[in-house]
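Colleague: Would you mind keeping the following structure in view while I ask a few things?
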Amino acid sequence: VQPSPSAQQQATSAMEALGKLEVKGRAAKTGYDRNQFGDGWAEANGCDTRNIILNRDLMAAEVNDQCQVVSGTLHDPYTNKVITFKRGATTSDDVQIDHVVALSDAWQKGAQALTMEQRVAFANDPLELLAVDGAANQQKGDGDAATWLPPNKSFRCQYVARQIAVKQKYLLWVT
């Protein structure tokens, strides 16, 4: 087993990847619609992407026989809060699945040139998705790293590095 890369190695790798991304202006939002990235969450082995990510990111996640996460605990990377998740009409939005590179931002930075299949893969890619505090996700909206950073300052470098990795994987650009 190899040790995980140090924070310095990760930062260096992210900087190298950033240097390889194309830099140009934001394209028009013309033609953007959430459905350009698929009709909701994709399914794999009977589980939808939302529940797959909840199961990955929540501690002590409990899953029912319909592959739905019904409870668990999130150590939210965006706010550094600990959130108790309980599936329900008034509680499920407390934890949301964030597209680290917002879909409309991706659209304006190259995703409009991807095929529908590539955009669906993008919207359901575990690299692109994080379970986070619902209020923080709403505050972020469709902002990029130039307009929004997590309030948890100790997570900001990881957040930016993840945006870079996603943009590199899908050949998107930065402004």
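Lettering and numbering for the structure tokens are positional, with chains as A, B, ... in the shown order, residues counted from 1 in each chain, and ligands counted from 1 in the shown order.
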Each residue of region 54-146 of chain A with at least one atom at most 8 Å from region 157-174 of chain A should appear once, together with its nearest atom pair and the corresponding distance in Å (one decimal); atoms considered: only C-alpha atoms; ordering: chain, then increasing residue number; output as CSV.

Modeller:
residue,atom,partner,partner_atom,distance
A:Val100,CA,A:Gln163,CA,6.2
A:Val101,CA,A:Gln163,CA,5.8
A:Ala106,CA,A:Leu172,CA,6.9
A:Lys109,CA,A:Trp173,CA,5.3
A:Gly110,CA,A:Leu172,CA,4.9
A:Ala111,CA,A:Leu172,CA,6.6
A:Phe122,CA,A:Tyr170,CA,7.5
A:Leu127,CA,A:Val166,CA,6.7
A:Glu128,CA,A:Val166,CA,6.1
A:Ala145,CA,A:Val160,CA,6.4

Colleague: Tell me, as a ChimeraX atom specification, which residues lie within 12 Å of Val82 (chain A), counting only C-alpha atoms; anything in the same chain fewer than 3 positions away does not count.

Modeller: /A:58-59,72-79,85,94-95,132-133

Colleague: Take the residues that were just selected and, keeping N, CA and C atoms, output them as a PDB file, in the first residue's frame.

Modeller:
ATOM      1  N   LEU A  58     -21.163   9.841   3.777  1.00  0.00           N
ATOM      2  CA  LEU A  58     -21.691   9.852   5.135  1.00  0.00           C
ATOM      3  C   LEU A  58     -21.028   8.753   5.969  1.00  0.00           C
ATOM      4  N   MET A  59     -20.777   9.068   7.215  1.00  0.00           N
ATOM      5  CA  MET A  59     -20.282   8.063   8.153  1.00  0.00           C
ATOM      6  C   MET A  59     -21.497   7.307   8.694  1.00  0.00           C
ATOM      7  N   GLY A  72     -27.393   8.893   8.432  1.00  0.00           N
ATOM      8  CA  GLY A  72     -25.941   8.886   8.514  1.00  0.00           C
ATOM      9  C   GLY A  72     -25.462  10.220   9.048  1.00  0.00           C
ATOM     10  N   THR A  73     -24.174  10.378   9.120  1.00  0.00           N
ATOM     11  CA  THR A  73     -23.580  11.609   9.635  1.00  0.00           C
ATOM     12  C   THR A  73     -22.589  12.143   8.611  1.00  0.00           C
ATOM     13  N   LEU A  74     -22.737  13.419   8.305  1.00  0.00           N
ATOM     14  CA  LEU A  74     -21.831  14.071   7.361  1.00  0.00           C
ATOM     15  C   LEU A  74     -20.917  15.026   8.105  1.00  0.00           C
ATOM     16  N   HIS A  75     -19.613  14.874   7.890  1.00  0.00           N
ATOM     17  CA  HIS A  75     -18.661  15.900   8.313  1.00  0.00           C
ATOM     18  C   HIS A  75     -18.506  16.770   7.077  1.00  0.00           C
ATOM     19  N   ASP A  76     -19.247  17.870   7.032  1.00  0.00           N
ATOM     20  CA  ASP A  76     -19.340  18.694   5.833  1.00  0.00           C
ATOM     21  C   ASP A  76     -18.026  19.378   5.513  1.00  0.00           C
ATOM     22  N   PRO A  77     -17.478  19.114   4.318  1.00  0.00           N
ATOM     23  CA  PRO A  77     -16.209  19.748   3.972  1.00  0.00           C
ATOM     24  C   PRO A  77     -16.337  21.257   3.737  1.00  0.00           C
ATOM     25  N   TYR A  78     -17.501  21.733   3.323  1.00  0.00           N
ATOM     26  CA  TYR A  78     -17.668  23.151   2.999  1.00  0.00           C
ATOM     27  C   TYR A  78     -17.751  24.037   4.242  1.00  0.00           C
ATOM     28  N   THR A  79     -18.398  23.543   5.299  1.00  0.00           N
ATOM     29  CA  THR A  79     -18.596  24.372   6.495  1.00  0.00           C
ATOM     30  C   THR A  79     -17.853  23.845   7.723  1.00  0.00           C
ATOM     31  N   PHE A  85     -27.882  13.326   9.071  1.00  0.00           N
ATOM     32  CA  PHE A  85     -28.788  13.165   7.935  1.00  0.00           C
ATOM     33  C   PHE A  85     -29.871  12.164   8.278  1.00  0.00           C
ATOM     34  N   ASP A  94     -31.126  18.902   3.930  1.00  0.00           N
ATOM     35  CA  ASP A  94     -30.052  19.348   4.825  1.00  0.00           C
ATOM     36  C   ASP A  94     -28.688  18.943   4.274  1.00  0.00           C
ATOM     37  N   VAL A  95     -28.657  17.810   3.577  1.00  0.00           N
ATOM     38  CA  VAL A  95     -27.443  17.342   2.908  1.00  0.00           C
ATOM     39  C   VAL A  95     -27.776  17.240   1.426  1.00  0.00           C
ATOM     40  N   VAL A 132     -22.705  17.654   0.744  1.00  0.00           N
ATOM     41  CA  VAL A 132     -22.362  18.874   1.471  1.00  0.00           C
ATOM     42  C   VAL A 132     -23.580  19.452   2.184  1.00  0.00           C
ATOM     43  N   ASP A 133     -23.326  20.415   3.031  1.00  0.00           N
ATOM     44  CA  ASP A 133     -24.375  21.170   3.707  1.00  0.00           C
ATOM     45  C   ASP A 133     -25.280  21.817   2.660  1.00  0.00           C
TER      46      ASP A 133
END

Colleague: Find the distance between CA of Ile53 (chain A) and CA of Gln138 (chain A) and write it in Å to one decimal.

Modeller: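 Calculated distance between CA of Ile53 (chain A) and CA of Gln138 (chain A) is 18.0 Å.
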
Colleague: Which residue out of A:Thr115, A:Thr84, A:Asn124, A:Gln108 has the minimum interatomic distance to Ala44 (chain A) when only C-alpha atoms are used?

Modeller: A:Asn124

Colleague: Determine which residues of chain A receive a DSSP assignment of helix (DSSP H, G or I), computed from the backbone, and state them as an MDAnalysis selection string.

Modeller: chainID A and resid 7:20 34:37 49:57 92:94 103:108 111:113 116:123 126:128 134:140 153:169

Colleague: For C-alpha atoms, I'd like the residues from the last selection saved as a compact mmCIF listing (two decimals), in the first residue's frame.

Modeller:
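The new file selection29.txt reads:
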# COMPACT_ATOMS: atom_id res chain seq x y z
CA ALA A 7 -0.88 18.25 0.76
CA GLN A 8 2.20 19.77 -0.90
CA GLN A 9 2.27 17.02 -3.56
CA GLN A 10 -1.46 17.51 -4.20
CA ALA A 11 -1.01 21.28 -4.52
CA THR A 12 1.89 20.83 -6.92
CA SER A 13 -0.11 18.36 -9.00
CA ALA A 14 -3.12 20.73 -9.10
CA MET A 15 -0.91 23.65 -10.14
CA GLU A 16 0.63 21.57 -12.93
CA ALA A 17 -2.85 20.51 -14.13
CA LEU A 18 -4.09 24.10 -13.95
CA GLY A 19 -1.21 25.18 -16.13
CA LYS A 20 -2.41 22.75 -18.81
CA ARG A 34 -30.24 21.09 -16.60
CA ASN A 35 -31.64 18.38 -18.86
CA GLN A 36 -28.62 18.84 -21.15
CA PHE A 37 -26.83 16.76 -18.47
CA THR A 49 -26.03 8.47 -8.05
CA ARG A 50 -27.35 10.60 -5.17
CA ASN A 51 -27.55 7.59 -2.87
CA ILE A 52 -24.21 6.24 -4.06
CA ILE A 53 -22.55 9.54 -3.10
CA LEU A 54 -24.43 9.78 0.21
CA ASN A 55 -23.28 6.25 1.04
CA ARG A 56 -19.70 7.18 0.11
CA ASP A 57 -19.58 10.49 2.02
CA SER A 92 -33.34 15.40 3.09
CA ASP A 93 -32.29 18.84 1.77
CA ASP A 94 -30.05 19.35 4.83
CA LEU A 103 -23.41 22.36 -14.46
CA SER A 104 -24.16 25.83 -15.86
CA ASP A 105 -20.53 26.86 -15.27
CA ALA A 106 -19.37 23.71 -17.08
CA TRP A 107 -21.76 24.52 -19.95
CA GLN A 108 -20.19 27.97 -20.32
CA ALA A 111 -19.44 21.26 -21.82
CA GLN A 112 -21.74 22.48 -24.58
CA ALA A 113 -19.30 20.77 -26.97
CA MET A 116 -25.05 14.07 -24.35
CA GLU A 117 -23.48 10.82 -23.14
CA GLN A 118 -20.37 12.71 -21.95
CA ARG A 119 -22.50 15.33 -20.16
CA VAL A 120 -24.53 12.63 -18.36
CA ALA A 121 -21.26 10.97 -17.31
CA PHE A 122 -19.98 14.37 -16.12
CA ALA A 123 -23.11 15.05 -14.03
CA PRO A 126 -18.03 10.72 -8.35
CA LEU A 127 -15.03 13.04 -8.86
CA GLU A 128 -17.49 15.84 -9.65
CA GLY A 134 -27.53 22.11 1.79
CA ALA A 135 -27.38 25.80 2.74
CA ALA A 136 -23.75 26.10 1.64
CA ASN A 137 -24.58 24.41 -1.66
CA GLN A 138 -27.43 26.87 -2.24
CA GLN A 139 -25.12 29.78 -1.43
CA LYS A 140 -22.58 28.51 -3.97
CA LYS A 153 -10.78 27.68 4.76
CA SER A 154 -8.91 24.43 5.43
CA PHE A 155 -10.86 22.77 2.58
CA ARG A 156 -10.39 25.49 -0.04
CA CYS A 157 -7.24 24.06 -1.65
CA GLN A 158 -8.84 20.61 -1.96
CA TYR A 159 -11.97 22.22 -3.43
CA VAL A 160 -10.01 24.16 -6.06
CA ALA A 161 -7.85 21.12 -6.85
CA ARG A 162 -11.00 19.06 -7.38
CA GLN A 163 -12.45 21.68 -9.75
CA ILE A 164 -9.19 21.60 -11.70
CA ALA A 165 -9.22 17.78 -11.85
CA VAL A 166 -12.81 17.74 -13.13
CA LYS A 167 -12.12 20.42 -15.75
CA GLN A 168 -9.01 18.54 -16.86
CA LYS A 169 -10.87 15.23 -17.14

Colleague: Using DSSP on the backbone coordinates, identify all residues within region 14-59 of chain A classified as strand (DSSP E or B); present the result as a ChimeraX atom specification.

Modeller: /A:23,43-44,47-48,59

Colleague: Generate a file of the selected residues that holds N, CA, C and O atoms, formatted as a compact mmCIF listing (two decimals), in the first residue's frame.

Modeller:
# COMPACT_ATOMS: atom_id res chain seq x y z
N VAL A 23 -7.23 28.67 -21.12
CA VAL A 23 -7.76 29.87 -20.47
C VAL A 23 -8.45 30.71 -21.54
O VAL A 23 -7.83 31.08 -22.53
N GLU A 43 -28.60 5.75 -12.82
CA GLU A 43 -28.65 4.58 -11.95
C GLU A 43 -27.56 3.60 -12.33
O GLU A 43 -27.23 3.44 -13.51
N ALA A 44 -27.00 2.96 -11.32
CA ALA A 44 -26.01 1.90 -11.52
C ALA A 44 -26.31 0.79 -10.52
O ALA A 44 -26.43 1.06 -9.32
N CYS A 47 -29.02 1.48 -7.94
CA CYS A 47 -28.86 2.62 -7.04
C CYS A 47 -28.67 3.89 -7.85
O CYS A 47 -27.94 3.88 -8.84
N ASP A 48 -29.31 4.98 -7.41
CA ASP A 48 -29.08 6.24 -8.13
C ASP A 48 -27.83 6.92 -7.58
O ASP A 48 -27.35 6.63 -6.48
N MET A 59 -20.78 9.07 7.22
CA MET A 59 -20.28 8.06 8.15
C MET A 59 -21.50 7.31 8.69
O MET A 59 -22.57 7.90 8.87

Colleague: Any idea what the distance is between CA of Ala131 (chain A) and CA of Gln96 (chain A)?

Modeller: 5.6 Å

Colleague: Give the answer as one residue: which of A:Ser6, A:Gly143, A:Lys86, A:Gln66 has the shortest atom-to-atom distance to His99 (chain A), using only C-alpha atoms?

Modeller: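 Using only C-alpha atoms, the shortest distance to His99 (chain A) belongs to A:Gly143.
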